[in-house]
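Here is work_12.cif, consisting of mmCIF, C-alpha atoms:
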```cif
data_structure
#
loop_
_atom_site.label_atom_id
_atom_site.label_comp_id
_atom_site.auth_asym_id
_atom_site.auth_seq_id
_atom_site.Cartn_x
_atom_site.Cartn_y
_atom_site.Cartn_z
CA MET A 1 -42.56 5.10 -12.85
CA GLN A 2 -41.88 4.95 -9.12
CA GLY A 3 -40.80 1.32 -9.37
CA PHE A 4 -37.94 2.34 -11.65
CA LEU A 5 -36.49 4.93 -9.27
CA MET A 6 -33.07 3.90 -8.00
CA GLN A 7 -32.54 3.78 -4.26
CA LYS A 8 -29.93 6.30 -3.10
CA VAL A 9 -26.71 4.43 -2.32
CA MET A 10 -24.05 5.65 0.10
CA ARG A 11 -20.81 6.26 -1.78
CA ILE A 12 -17.56 4.56 -0.82
CA ASP A 13 -14.59 6.79 0.03
CA VAL A 14 -11.05 5.82 -1.00
CA LEU A 15 -7.70 6.30 0.69
CA LEU A 16 -4.52 5.57 -1.25
CA GLY A 17 -0.87 6.52 -1.65
CA LEU A 18 0.35 8.99 -4.25
CA GLN A 19 4.03 8.07 -4.33
CA TRP A 20 5.98 4.78 -4.32
CA GLY A 21 4.25 3.43 -1.22
CA ASP A 22 5.18 3.81 2.47
CA GLU A 23 3.30 7.12 2.64
CA GLY A 24 1.68 6.40 6.02
CA LYS A 25 -1.68 5.05 4.90
CA GLY A 26 -2.09 2.77 7.91
CA LYS A 27 -1.91 5.61 10.41
CA ILE A 28 -4.45 7.75 8.55
CA VAL A 29 -6.89 4.86 8.08
CA ASP A 30 -6.63 4.31 11.84
CA VAL A 31 -7.33 8.01 12.45
CA LEU A 32 -10.32 8.08 10.06
CA THR A 33 -11.81 4.73 11.15
CA PRO A 34 -14.20 6.14 13.83
CA GLY A 35 -16.06 7.90 11.00
CA TYR A 36 -16.70 4.66 9.06
CA ASP A 37 -18.65 1.45 9.56
CA ILE A 38 -16.44 -0.68 7.30
CA ILE A 39 -12.78 -0.55 6.21
CA ALA A 40 -12.05 -2.64 3.10
CA ARG A 41 -8.66 -3.53 1.54
CA PHE A 42 -8.99 -3.68 -2.25
CA GLN A 43 -5.60 -4.86 -3.61
CA GLY A 44 -2.09 -6.01 -2.81
CA GLY A 45 -0.87 -8.57 -0.35
CA PRO A 46 1.77 -9.05 2.33
CA ASN A 47 4.21 -6.89 0.36
CA ALA A 48 2.36 -4.00 2.02
CA GLY A 49 3.35 -2.80 5.47
CA HIS A 50 0.98 -0.40 7.22
CA THR A 51 2.42 0.90 10.50
CA ILE A 52 0.16 2.19 13.27
CA GLU A 53 1.42 3.64 16.58
CA PHE A 54 -0.64 4.64 19.62
CA ASP A 55 -0.48 4.42 23.42
CA GLY A 56 3.19 3.45 23.21
CA LYS A 57 2.43 0.43 21.01
CA LYS A 58 3.48 -0.20 17.41
CA PHE A 59 1.71 -2.54 15.00
CA VAL A 60 2.63 -3.43 11.41
CA LEU A 61 -0.21 -4.81 9.28
CA HIS A 62 0.40 -6.61 5.99
CA THR A 63 -3.00 -8.03 5.04
CA ILE A 64 -5.56 -7.00 7.65
CA PRO A 65 -7.22 -3.58 7.12
CA SER A 66 -5.98 -0.80 9.41
CA GLY A 67 -9.42 -0.31 10.95
CA ILE A 68 -8.99 -3.46 13.05
CA PHE A 69 -8.14 -1.44 16.17
CA ASN A 70 -11.69 -0.11 16.42
CA ARG A 71 -13.84 -2.96 17.73
CA GLU A 72 -17.02 -1.36 16.35
CA THR A 73 -15.73 -1.26 12.76
CA LEU A 74 -15.99 -4.16 10.32
CA ASN A 75 -12.87 -4.94 8.30
CA VAL A 76 -13.06 -6.65 4.92
CA ILE A 77 -10.20 -8.25 2.98
CA GLY A 78 -11.54 -7.79 -0.54
CA ASN A 79 -11.39 -10.01 -3.61
CA GLY A 80 -8.52 -7.97 -5.10
CA VAL A 81 -6.20 -8.90 -2.21
CA ILE A 82 -3.92 -11.94 -2.27
CA ILE A 83 -3.42 -13.75 1.04
CA ASP A 84 -0.53 -15.75 2.46
CA PRO A 85 -1.98 -17.82 5.35
CA PHE A 86 1.44 -18.01 7.04
CA VAL A 87 1.79 -14.22 7.12
CA LEU A 88 -1.85 -13.74 8.13
CA LYS A 89 -1.50 -16.14 11.07
CA LYS A 90 1.54 -14.24 12.34
CA GLU A 91 -0.37 -10.99 11.96
CA LEU A 92 -3.30 -12.31 13.99
CA ALA A 93 -0.90 -13.49 16.70
CA MET A 94 0.81 -10.09 16.78
CA LEU A 95 -2.53 -8.35 17.29
CA ALA A 96 -3.54 -10.78 20.03
CA GLU A 97 -0.25 -10.19 21.87
CA GLY A 98 -0.94 -6.45 21.66
CA GLY A 99 -4.37 -6.88 23.22
CA VAL A 100 -6.33 -6.41 19.99
CA GLU A 101 -9.24 -8.82 19.70
CA VAL A 102 -9.98 -10.12 16.20
CA GLY A 103 -13.19 -12.03 15.66
CA ASP A 104 -16.36 -11.29 13.75
CA ASN A 105 -15.02 -7.83 12.88
CA LEU A 106 -12.71 -9.35 10.22
CA LEU A 107 -14.27 -10.76 7.05
CA VAL A 108 -12.50 -12.35 4.07
CA SER A 109 -13.74 -12.43 0.49
CA ARG A 110 -14.18 -15.89 -0.97
CA LYS A 111 -12.82 -14.53 -4.26
CA ALA A 112 -9.49 -13.38 -2.76
CA HIS A 113 -6.59 -15.46 -4.08
CA LEU A 114 -4.08 -17.48 -2.08
CA ILE A 115 -0.30 -17.08 -2.16
CA LEU A 116 1.05 -20.63 -2.19
CA PRO A 117 4.49 -21.67 -0.87
CA THR A 118 5.58 -22.33 -4.46
CA HIS A 119 4.60 -18.78 -5.43
CA ARG A 120 7.24 -17.54 -3.01
CA LEU A 121 9.70 -20.09 -4.36
CA LEU A 122 9.12 -18.87 -7.91
CA ASP A 123 9.46 -15.25 -6.81
CA ALA A 124 12.90 -16.03 -5.39
CA VAL A 125 14.18 -17.96 -8.42
CA TYR A 126 12.83 -15.35 -10.87
CA GLU A 127 14.51 -12.50 -9.02
CA LYS A 128 17.81 -14.38 -8.73
CA SER A 129 17.76 -15.19 -12.44
CA ARG A 130 17.54 -11.48 -13.33
CA GLY A 131 21.00 -10.81 -11.93
CA ASP A 132 21.84 -7.10 -12.23
CA GLN A 133 18.39 -6.47 -13.73
CA ARG A 134 16.54 -7.28 -10.47
CA ILE A 135 13.32 -5.32 -10.00
CA GLY A 136 13.61 -5.25 -6.20
CA SER A 137 10.86 -7.77 -5.43
CA THR A 138 9.83 -8.16 -1.78
CA LEU A 139 9.96 -11.96 -2.43
CA LYS A 140 6.49 -12.39 -0.94
CA GLY A 141 5.16 -14.30 -3.94
CA ILE A 142 3.07 -11.39 -5.17
CA GLY A 143 3.95 -11.50 -8.88
CA PRO A 144 3.60 -15.29 -9.29
CA ALA A 145 0.29 -15.28 -7.39
CA TYR A 146 -1.18 -12.55 -9.59
CA THR A 147 0.23 -14.35 -12.65
CA ASP A 148 -1.74 -17.46 -11.70
CA LYS A 149 -4.80 -15.29 -11.14
CA VAL A 150 -4.79 -13.73 -14.60
CA SER A 151 -3.82 -17.02 -16.28
CA ARG A 152 -6.83 -18.67 -14.58
CA ASN A 153 -4.74 -21.06 -12.53
CA GLY A 154 -5.13 -19.50 -9.09
CA LEU A 155 -6.56 -20.93 -5.89
CA ARG A 156 -9.04 -18.79 -3.97
CA ILE A 157 -10.25 -18.57 -0.39
CA GLY A 158 -13.51 -20.17 -1.44
CA ASP A 159 -11.59 -23.24 -2.61
CA LEU A 160 -10.76 -23.98 1.04
CA GLU A 161 -14.42 -24.87 1.49
CA SER A 162 -14.38 -27.45 -1.32
CA ASP A 163 -13.61 -31.16 -1.02
CA ASP A 164 -10.99 -31.10 -3.77
CA PHE A 165 -8.77 -28.33 -2.37
CA GLU A 166 -5.87 -30.71 -1.70
CA ALA A 167 -5.97 -32.03 -5.26
CA LYS A 168 -6.00 -28.48 -6.64
CA TYR A 169 -3.12 -27.55 -4.36
CA ARG A 170 -1.00 -30.52 -5.46
CA ALA A 171 -1.62 -29.74 -9.13
CA SER A 172 -0.49 -26.13 -8.65
CA ARG A 173 2.51 -27.23 -6.61
CA GLU A 174 3.74 -29.63 -9.29
CA ARG A 175 3.23 -27.09 -12.06
CA HIS A 176 5.24 -24.47 -10.12
CA LEU A 177 8.05 -26.87 -9.27
CA LYS A 178 8.36 -27.83 -12.93
CA ILE A 179 8.86 -24.15 -13.75
CA ALA A 180 11.32 -23.67 -10.88
CA ARG A 181 13.50 -26.55 -12.13
CA GLN A 182 14.20 -24.51 -15.24
CA PHE A 183 15.98 -21.96 -13.03
CA THR A 184 17.50 -24.03 -10.23
CA GLU A 185 18.73 -27.59 -9.90
CA ASP A 186 17.39 -28.00 -6.38
CA HIS A 187 14.43 -25.94 -5.20
CA ARG A 188 15.07 -27.21 -1.67
CA ALA A 189 18.12 -24.97 -1.52
CA ILE A 190 15.88 -21.88 -1.69
CA SER A 191 14.92 -20.54 1.74
CA VAL A 192 11.58 -18.88 2.49
CA GLU A 193 11.07 -16.82 5.67
CA GLY A 194 14.51 -18.03 6.80
CA MET A 195 13.57 -21.71 6.60
CA SER A 196 13.79 -24.48 4.03
CA PHE A 197 11.04 -24.70 1.44
CA GLU A 198 9.70 -27.92 2.99
CA ALA A 199 9.63 -26.38 6.48
CA TYR A 200 7.87 -23.30 5.16
CA GLU A 201 5.33 -25.39 3.28
CA GLU A 202 4.54 -27.31 6.48
CA ALA A 203 4.13 -24.04 8.41
CA TRP A 204 1.90 -22.71 5.60
CA MET A 205 -0.32 -25.78 5.81
CA ASN A 206 -0.61 -25.41 9.57
CA ALA A 207 -1.57 -21.76 9.11
CA LEU A 208 -4.60 -22.69 7.01
CA SER A 209 -6.47 -23.50 10.22
CA ALA A 210 -6.35 -19.84 11.31
CA LEU A 211 -7.63 -18.73 7.91
CA LYS A 212 -10.43 -21.29 7.92
CA GLN A 213 -11.71 -19.91 11.23
CA LEU A 214 -12.26 -16.42 9.79
CA LYS A 215 -15.70 -15.51 8.48
CA LYS A 216 -15.87 -15.70 4.68
CA VAL A 217 -18.27 -13.60 2.61
CA ASN A 218 -19.23 -12.91 -0.98
CA SER A 219 -17.73 -9.48 -0.51
CA GLU A 220 -19.13 -7.79 -3.61
CA TYR A 221 -22.67 -8.52 -2.42
CA PHE A 222 -21.82 -7.74 1.20
CA LEU A 223 -20.34 -4.31 0.43
CA ASN A 224 -23.00 -3.22 -2.03
CA LYS A 225 -25.78 -4.21 0.37
CA ALA A 226 -23.97 -2.29 3.11
CA MET A 227 -23.90 0.83 0.93
CA GLU A 228 -27.60 0.43 0.15
CA ALA A 229 -28.22 0.23 3.91
CA GLY A 230 -26.45 3.57 4.40
CA LYS A 231 -23.21 2.20 5.85
CA LYS A 232 -20.11 4.35 5.47
CA ILE A 233 -17.20 2.47 3.85
CA LEU A 234 -13.56 3.44 3.38
CA ALA A 235 -11.50 1.54 0.80
CA GLU A 236 -7.87 1.15 1.89
CA GLY A 237 -5.18 0.87 -0.75
CA ALA A 238 -1.71 -0.67 -0.47
CA GLN A 239 1.62 0.32 -2.06
CA GLY A 240 1.37 3.60 -4.04
CA THR A 241 0.14 5.04 -7.32
CA LEU A 242 3.63 5.11 -8.86
CA LEU A 243 3.82 1.33 -8.39
CA ASP A 244 0.60 0.69 -10.34
CA ILE A 245 0.97 -2.13 -12.87
CA ASP A 246 -0.33 0.09 -15.70
CA PHE A 247 0.70 3.61 -14.72
CA GLY A 248 3.73 3.11 -12.48
CA SER A 249 7.41 3.14 -13.46
CA TYR A 250 7.17 -0.19 -15.30
CA PRO A 251 8.67 -2.77 -14.92
CA PHE A 252 9.64 -1.62 -11.42
CA VAL A 253 6.08 -1.87 -10.20
CA THR A 254 3.77 -4.13 -8.22
CA SER A 255 1.37 -6.61 -9.84
CA SER A 256 -1.96 -4.91 -9.14
CA ASN A 257 -3.82 -1.67 -9.80
CA THR A 258 -3.02 0.63 -6.89
CA THR A 259 -5.12 3.53 -8.19
CA ALA A 260 -8.75 4.42 -7.40
CA ALA A 261 -9.79 2.37 -10.43
CA GLY A 262 -8.56 -0.70 -8.54
CA VAL A 263 -11.35 -0.18 -6.00
CA CYS A 264 -13.95 -1.14 -8.61
CA ASN A 265 -12.20 -4.40 -9.51
CA GLY A 266 -10.87 -5.13 -6.04
CA LEU A 267 -14.18 -4.75 -4.19
CA GLY A 268 -16.88 -5.01 -6.85
CA ILE A 269 -17.92 -1.35 -6.61
CA ALA A 270 -19.43 0.56 -9.54
CA PRO A 271 -17.44 3.69 -10.59
CA LYS A 272 -20.46 5.93 -9.95
CA ASN A 273 -20.35 4.91 -6.29
CA ILE A 274 -16.87 6.29 -5.59
CA GLY A 275 -17.05 9.28 -3.23
CA LYS A 276 -14.15 11.19 -1.70
CA VAL A 277 -10.62 10.21 -2.69
CA PHE A 278 -8.03 10.90 0.00
CA GLY A 279 -4.51 11.04 -1.43
CA ILE A 280 -1.60 10.57 0.98
CA PHE A 281 1.94 11.77 0.31
CA LYS A 282 5.08 12.40 2.30
CA ALA A 283 6.53 15.91 2.56
CA TYR A 284 9.46 14.37 0.67
CA CYS A 285 9.79 11.16 -1.40
CA THR A 286 11.00 7.63 -0.69
CA ARG A 287 11.27 4.46 -2.69
CA VAL A 288 12.20 0.85 -1.93
CA GLY A 289 13.80 -1.34 -4.58
CA SER A 290 14.92 -0.52 -8.09
CA GLY A 291 13.47 1.93 -10.60
CA PRO A 292 13.69 5.60 -11.61
CA PHE A 293 13.66 8.24 -8.85
CA PRO A 294 14.37 11.72 -10.32
CA THR A 295 14.76 13.54 -6.96
CA GLU A 296 16.82 10.86 -5.18
CA LEU A 297 19.51 12.19 -2.86
CA PHE A 298 22.91 10.53 -2.46
CA ASP A 299 24.35 13.08 -0.04
CA GLU A 300 24.11 13.98 3.63
CA ALA A 301 20.61 15.39 3.15
CA GLY A 302 19.37 12.03 1.90
CA GLU A 303 20.96 10.23 4.84
CA THR A 304 19.39 12.73 7.26
CA LEU A 305 15.96 12.07 5.78
CA ARG A 306 16.51 8.32 6.09
CA LYS A 307 17.64 8.42 9.72
CA THR A 308 15.22 11.07 10.96
CA GLY A 309 12.26 9.55 9.12
CA ARG A 310 13.18 5.99 10.13
CA GLU A 311 13.00 5.10 6.47
CA PHE A 312 13.35 1.35 6.53
CA GLY A 313 10.77 -0.93 4.93
CA ALA A 314 8.06 -2.18 7.31
CA THR A 315 7.85 -5.41 5.29
CA THR A 316 11.44 -6.01 4.17
CA GLY A 317 13.53 -3.89 6.55
CA ARG A 318 15.44 -2.54 3.56
CA PRO A 319 16.66 1.08 3.77
CA ARG A 320 14.49 3.32 1.61
CA ARG A 321 15.91 5.60 -1.04
CA CYS A 322 15.13 9.21 -0.12
CA GLY A 323 14.70 12.42 -2.10
CA TRP A 324 12.94 15.76 -2.31
CA LEU A 325 9.24 16.18 -3.04
CA ASP A 326 8.35 15.71 -6.71
CA ILE A 327 5.44 17.89 -7.89
CA PRO A 328 5.11 16.37 -11.42
CA THR A 329 4.64 12.86 -9.99
CA LEU A 330 2.23 14.21 -7.37
CA LYS A 331 0.11 15.94 -10.04
CA TYR A 332 0.21 12.76 -12.12
CA ALA A 333 -1.08 10.66 -9.21
CA ILE A 334 -3.79 13.21 -8.41
CA MET A 335 -4.94 13.15 -12.04
CA LEU A 336 -5.11 9.35 -12.21
CA ASN A 337 -7.02 8.99 -8.96
CA GLY A 338 -9.34 11.99 -9.05
CA VAL A 339 -8.03 13.02 -5.62
CA THR A 340 -10.35 15.37 -3.74
CA GLU A 341 -8.32 15.89 -0.54
CA LEU A 342 -4.60 15.67 0.23
CA ILE A 343 -2.96 14.42 3.42
CA MET A 344 0.70 15.33 3.95
CA MET A 345 2.76 13.01 6.14
CA LYS A 346 6.08 13.39 7.98
CA ALA A 347 6.32 17.18 7.96
CA ASP A 348 8.35 16.79 11.16
CA VAL A 349 11.15 14.98 9.29
CA LEU A 350 11.94 18.16 7.32
CA SER A 351 12.37 20.20 10.52
CA GLY A 352 15.90 21.56 10.73
CA PHE A 353 16.54 21.93 7.00
CA ALA A 354 17.47 25.55 6.29
CA GLN A 355 16.53 25.11 2.64
CA ILE A 356 14.17 22.58 1.08
CA LYS A 357 14.13 21.71 -2.60
CA VAL A 358 10.96 20.83 -4.50
CA ALA A 359 11.01 19.43 -8.04
CA THR A 360 8.59 21.41 -10.21
CA ALA A 361 9.52 20.06 -13.68
CA TYR A 362 11.90 17.69 -15.50
CA LYS A 363 14.52 18.10 -18.17
CA HIS A 364 14.19 14.97 -20.28
CA LYS A 365 16.59 14.51 -23.21
CA GLY A 366 17.17 18.25 -23.16
CA VAL A 367 13.47 19.18 -23.22
CA LEU A 368 11.69 20.85 -20.28
CA THR A 369 8.46 19.06 -19.31
CA ASP A 370 6.12 18.57 -16.38
CA GLU A 371 4.96 15.17 -17.66
CA LEU A 372 6.40 11.84 -16.56
CA PRO A 373 8.46 10.44 -19.45
CA PHE A 374 7.71 6.96 -20.79
CA ASP A 375 11.19 5.88 -19.70
CA ALA A 376 12.79 8.01 -17.01
CA SER A 377 15.72 5.69 -16.31
CA GLY A 378 18.89 7.77 -16.11
CA THR A 379 17.72 10.35 -18.65
CA THR A 380 15.48 12.58 -16.54
CA GLU A 381 16.82 15.48 -14.49
CA ALA A 382 14.68 17.22 -11.86
CA VAL A 383 14.28 21.01 -12.05
CA TYR A 384 13.95 22.50 -8.57
CA SER A 385 12.41 25.43 -6.73
CA MET A 386 13.89 26.39 -3.38
CA LYS A 387 11.75 26.86 -0.28
CA LYS A 388 12.81 28.20 3.10
CA GLY A 389 12.83 25.50 5.78
CA TRP A 390 11.58 25.63 9.36
CA GLU A 391 13.78 25.26 12.40
CA GLN A 392 11.14 24.48 15.04
CA ASN A 393 10.51 21.07 16.50
CA LEU A 394 6.87 20.21 15.68
CA GLU A 395 6.39 17.84 18.61
CA GLY A 396 3.33 18.73 20.66
CA MET A 397 1.78 20.98 18.00
CA THR A 398 -1.94 20.29 17.52
CA GLU A 399 -3.27 23.25 15.52
CA PHE A 400 -2.45 24.22 11.94
CA SER A 401 -2.48 27.93 12.84
CA ARG A 402 0.40 27.37 15.29
CA LEU A 403 2.68 25.63 12.79
CA PRO A 404 5.80 27.52 11.64
CA ALA A 405 5.10 30.10 8.94
CA GLU A 406 7.59 28.37 6.62
CA LEU A 407 5.72 25.06 6.92
CA LYS A 408 2.39 26.73 6.20
CA ASP A 409 4.00 28.38 3.17
CA TYR A 410 5.28 24.96 2.05
CA VAL A 411 1.73 23.58 2.26
CA ARG A 412 0.30 26.54 0.31
CA PHE A 413 2.96 26.11 -2.37
CA ILE A 414 1.97 22.45 -2.81
CA GLU A 415 -1.75 23.30 -2.93
CA GLU A 416 -1.19 25.98 -5.58
CA SER A 417 1.05 23.66 -7.60
CA VAL A 418 -1.38 20.72 -7.75
CA GLY A 419 -4.78 22.41 -7.39
CA VAL A 420 -6.04 20.23 -4.52
CA PRO A 421 -6.30 21.26 -0.84
CA VAL A 422 -4.14 19.73 1.87
CA LYS A 423 -6.63 18.92 4.64
CA VAL A 424 -4.35 17.06 7.08
CA VAL A 425 -0.71 17.48 8.11
CA SER A 426 1.00 14.74 10.11
CA VAL A 427 3.80 15.83 12.47
CA GLY A 428 4.76 12.47 14.00
CA PRO A 429 4.12 8.71 13.93
CA ASP A 430 1.50 8.55 16.70
CA ARG A 431 -2.18 8.81 15.78
CA SER A 432 -2.40 11.87 18.07
CA GLN A 433 0.18 13.75 15.98
CA THR A 434 -2.31 14.48 13.21
CA ILE A 435 -3.38 18.06 12.49
CA ARG A 436 -6.54 18.87 10.56
CA LYS A 437 -6.74 22.22 8.78
#
```
What is this file in structure tokens?
Amino acid sequence: MQGFLMQKVMRIDVLLGLQWGDEGKGKIVDVLTPGYDIIARFQGGPNAGHTIEFDGKKFVLHTIPSGIFNRETLNVIGNGVIIDPFVLKKELAMLAEGGVEVGDNLLVSRKAHLILPTHRLLDAVYEKSRGDQRIGSTLKGIGPAYTDKVSRNGLRIGDLESDDFEAKYRASRERHLKIARQFTEDHRAISVEGMSFEAYEEAWMNALSALKQLKKVNSEYFLNKAMEAGKKILAEGAQGTLLDIDFGSYPFVTSSNTTAAGVCNGLGIAPKNIGKVFGIFKAYCTRVGSGPFPTELFDEAGETLRKTGREFGATTGRPRRCGWLDIPTLKYAIMLNGVTELIMMKADVLSGFAQIKVATAYKHKGVLTDELPFDASGTTEAVYSMKKGWEQNLEGMTEFSRLPAELKDYVRFIEESVGVPVKVVSVGPDRSQTIRK
């Protein structure tokens, strides 16, 4: 019987966003990294923008896991991620300029898919063809790359090690250009990264050398063996739960599963091996691009949130839409992910508001509900509770007990509303401005 006993396996913890992305995941991964041996990205691509600030420096990561700043931690780009070599090369250069050494501490899954130059071309022509019905794509080639993946036409990192990569690339290129010609007479008129398609394609090809130098692994085996060896692993998500391809505000969503379930597919981890699930949310809400946003503000309060919170996309630079905290969407995200601990970001941005609104329910087609409607476009009205704001500047505060009473009441209200404890409150962009309860 002893031979059939299963060896105890260390569980993998998960950190992900509970809103429409931009919640501050990068900063918190950076803060938590010293407690983990491995940080692993499990989905998304360069449409993500994780911002980390410390020691007067600011870094924006799009593909590389946010644990890269700790030299002792391994970072794995998992099979569920899609990689643009051009963007990755720029990211590596940015880290090097900032004094961050990247070497054997960054591993890439052979099963991760490549974003080709023609994927970005198709993304641009598709979005342009939608006219007023644009979905707000970041134009990073995400949708077309995932489309090729699920239609079994994609190219993977492991293909770079084969002798027929160039032939596979040319076949994909011609197939994509044939599709593009249905939307535009001259694909060469479409710019990518501010350059012509041909110039971008040449830069992309040159960037392959940087990708080839990185260590490649069969990540599903690597990570499971690491868990068996007792290594602590944190899975890092990109975008946010409300952008999930299945459960987000479709069709204004991303092309991957951004929920905890995506960890299993994106890293090759069995569901039973999921441990803690850290859910990150802002003290208010933001969204980039099109799609329903029940608590969106179009007044001075919304503009104040945007300016004070520096709410401009880390990837696109686009101004983010801003609104009050939405409890029904937060409860929805917690339910889908099995969140065990909450982390509230940007509490400092709400400083100075005499009154703060919080959506606690919706009125949808005249009916009161706390569930997200199938189609919330223009027909869903938020029902608010009013909370007293805090006037104090939170800069320099390091203990939860010393926070303003109104802020502590705001945290308690959220905890009671969603049934999950808030364990961390962020009061600024720097890693040091992070308060644990």
Enumerate, in order of chain and increasing residue number, the residues of region 253-302 of chain A with an atom no farther than 12 Å from region 106-116 of chain A, each with its shortest atom pair and distance in Å to one decimal, counting only C-alpha atoms, as a tab-separated table.
```
residue	atom	partner	partner_atom	distance
A:Asn265	CA	A:Lys111	CA	11.4
A:Gly266	CA	A:Ala112	CA	9.0
A:Leu267	CA	A:Ser109	CA	9.0
A:Gly268	CA	A:Lys111	CA	10.7
```
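If you count all atoms listed in the file and ignore residues fewer than 3 places along the chain from region 88-90 of chain A, what sits within 9 Å of it is A:Pro46, A:His62, A:Thr63, A:Ile64, A:Ile83, A:Asp84, A:Pro85, A:Ala93, A:Met94, A:Leu95, A:Ala207, A:Leu208, A:Ser209, A:Ala210, A:Leu211.
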Margin query: Show me, as a list in words, the residues that have an atom within 9 Å of region 301-307 of chain A when counting all atoms listed in the file, minus same-chain residues fewer than 3 positions from it.
Written below: Tyr284, Thr286, Glu296, Leu297, Phe298, Arg310, Glu311, Phe312, Pro319, Arg320, Arg321, Cys322, Gly323, Trp324, Val349, Leu350 and Phe353 of chain A
Next item on the list: Run the PyMOL selection byres ((chain A and resi 412-420) around 8) against the file shown and list the residues it catches, as a ChimeraX atom specification.
Entry: /A:327,330-331,334,339-342,408-411,421-422
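Interatomic distance, CA of Ser137 (chain A) to CA of Gly317 (chain A): 12.9 Å.
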Check: Smallest atom-to-atom distance to Gly291 (chain A): which of A:Lys140, A:Pro328, A:Gly248, A:Leu32, using all atoms listed in the file?
Finding: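 Closest to Gly291 (chain A) of all the choices is A:Gly248.
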Check: What gap, in Å, lies between CA of Asp246 (chain A) and CA of Ala333 (chain A)?
Finding: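 Here the two named atoms are 12.4 Å from each other.
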Check: CA of Gly21 (chain A) and CA of Ala238 (chain A) are how many Å apart?
Finding: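 For CA of Gly21 (chain A) relative to CA of Ala238 (chain A), the distance reads 7.3 Å.
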Next item on the list: Spell out the residues picked by the PyMOL selection byres ((chain A and resi 234) around 8) here, as a PyMOL selection string.
Entry: chain A and resi 12-15+36+38-40+232-233+235-236
Expected file contents, prior selection, C-alpha atoms, as a PDB file, in the coordinates of the input:
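Writing done, so here's result_9.pdb:
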```pdb
ATOM      1  CA  ILE A  12     -17.560   4.560  -0.820  1.00  0.00           C
ATOM      2  CA  ASP A  13     -14.590   6.790   0.030  1.00  0.00           C
ATOM      3  CA  VAL A  14     -11.050   5.820  -1.000  1.00  0.00           C
ATOM      4  CA  LEU A  15      -7.700   6.300   0.690  1.00  0.00           C
ATOM      5  CA  TYR A  36     -16.700   4.660   9.060  1.00  0.00           C
ATOM      6  CA  ILE A  38     -16.440  -0.680   7.300  1.00  0.00           C
ATOM      7  CA  ILE A  39     -12.780  -0.550   6.210  1.00  0.00           C
ATOM      8  CA  ALA A  40     -12.050  -2.640   3.100  1.00  0.00           C
ATOM      9  CA  LYS A 232     -20.110   4.350   5.470  1.00  0.00           C
ATOM     10  CA  ILE A 233     -17.200   2.470   3.850  1.00  0.00           C
ATOM     11  CA  ALA A 235     -11.500   1.540   0.800  1.00  0.00           C
ATOM     12  CA  GLU A 236      -7.870   1.150   1.890  1.00  0.00           C
TER      13      GLU A 236
END
```
Check: Once the PyMOL selection byres ((chain A and resi 56) around 12) has been applied to the shown file, what residues remain in the selection, as a list in words?
Finding: Ile52, Glu53, Phe54, Asp55, Lys57, Lys58, Phe59, Gly98, Pro429, Asp430, Arg431 and Ser432 of chain A
Check: Neighbours of region 143-154 of chain A within 8 Å (all atoms listed in the file; same-chain residues fewer than 2 positions away dropped), as a list of chain:residue names?
Finding: A:Ile82, A:His113, A:Leu114, A:Ile115, A:Leu116, A:His119, A:Arg120, A:Leu122, A:Asp123, A:Gly141, A:Arg156, A:Ser172, A:Thr254, A:Ser255, A:Ser256
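The smallest atom-to-atom distance between Asn224 (chain A) and any of A:Glu185, A:Glu198, A:Arg71, A:Ile274, using all atoms listed in the file, is found for A:Ile274.
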Item checked: Nearest to Thr118 (chain A) by atom-to-atom distance, counting only C-alpha atoms, from A:Gly80, A:Arg188, A:Val60, A:Asp164 ->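 Closest to Thr118 (chain A), using only C-alpha atoms: A:Arg188.
Proximity ranking of A:Glu161, A:Arg11, A:Glu101, A:Thr379 relative to Val277 (chain A) places A:Arg11 first, based on all atoms listed in the file.
Shortest separation to Phe293 (chain A) among A:Leu74, A:Ile245, A:Val263, A:Ala359 occurs at residue A:Ala359, atoms counted being all atoms listed in the file.
For the residues A:Glu23, A:Glu381, A:Glu97, A:Asp30, ranking by smallest atom-to-atom distance to Gly49 (chain A) using all atoms listed in the file places A:Glu23 first.
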Check: Do you know which residues are at most 8 Å from Leu242 (chain A) counting only C-alpha atoms, after dropping those on the same chain fewer than 5 positions away, and could you put them as a ChimeraX atom specification?
Finding: /A:18-21,247-249,253,329,333
Take the residues from that selection and put them in a file with C-alpha atoms, as a PDB file, keeping the file's coordinate frame.
```pdb
ATOM      1  CA  LEU A  18       0.350   8.990  -4.250  1.00  0.00           C
ATOM      2  CA  GLN A  19       4.030   8.070  -4.330  1.00  0.00           C
ATOM      3  CA  TRP A  20       5.980   4.780  -4.320  1.00  0.00           C
ATOM      4  CA  GLY A  21       4.250   3.430  -1.220  1.00  0.00           C
ATOM      5  CA  PHE A 247       0.700   3.610 -14.720  1.00  0.00           C
ATOM      6  CA  GLY A 248       3.730   3.110 -12.480  1.00  0.00           C
ATOM      7  CA  SER A 249       7.410   3.140 -13.460  1.00  0.00           C
ATOM      8  CA  VAL A 253       6.080  -1.870 -10.200  1.00  0.00           C
ATOM      9  CA  THR A 329       4.640  12.860  -9.990  1.00  0.00           C
ATOM     10  CA  ALA A 333      -1.080  10.660  -9.210  1.00  0.00           C
TER      11      ALA A 333
END
```
Next item on the list: Please provide as a PyMOL selection string all residues within 12 Å of Gly396 (chain A), with the sequence filter that same-chain residues fewer than 5 positions apart are discarded (counting only C-alpha atoms).
Entry: chain A and resi 348+402-403+426-428+430+432-435
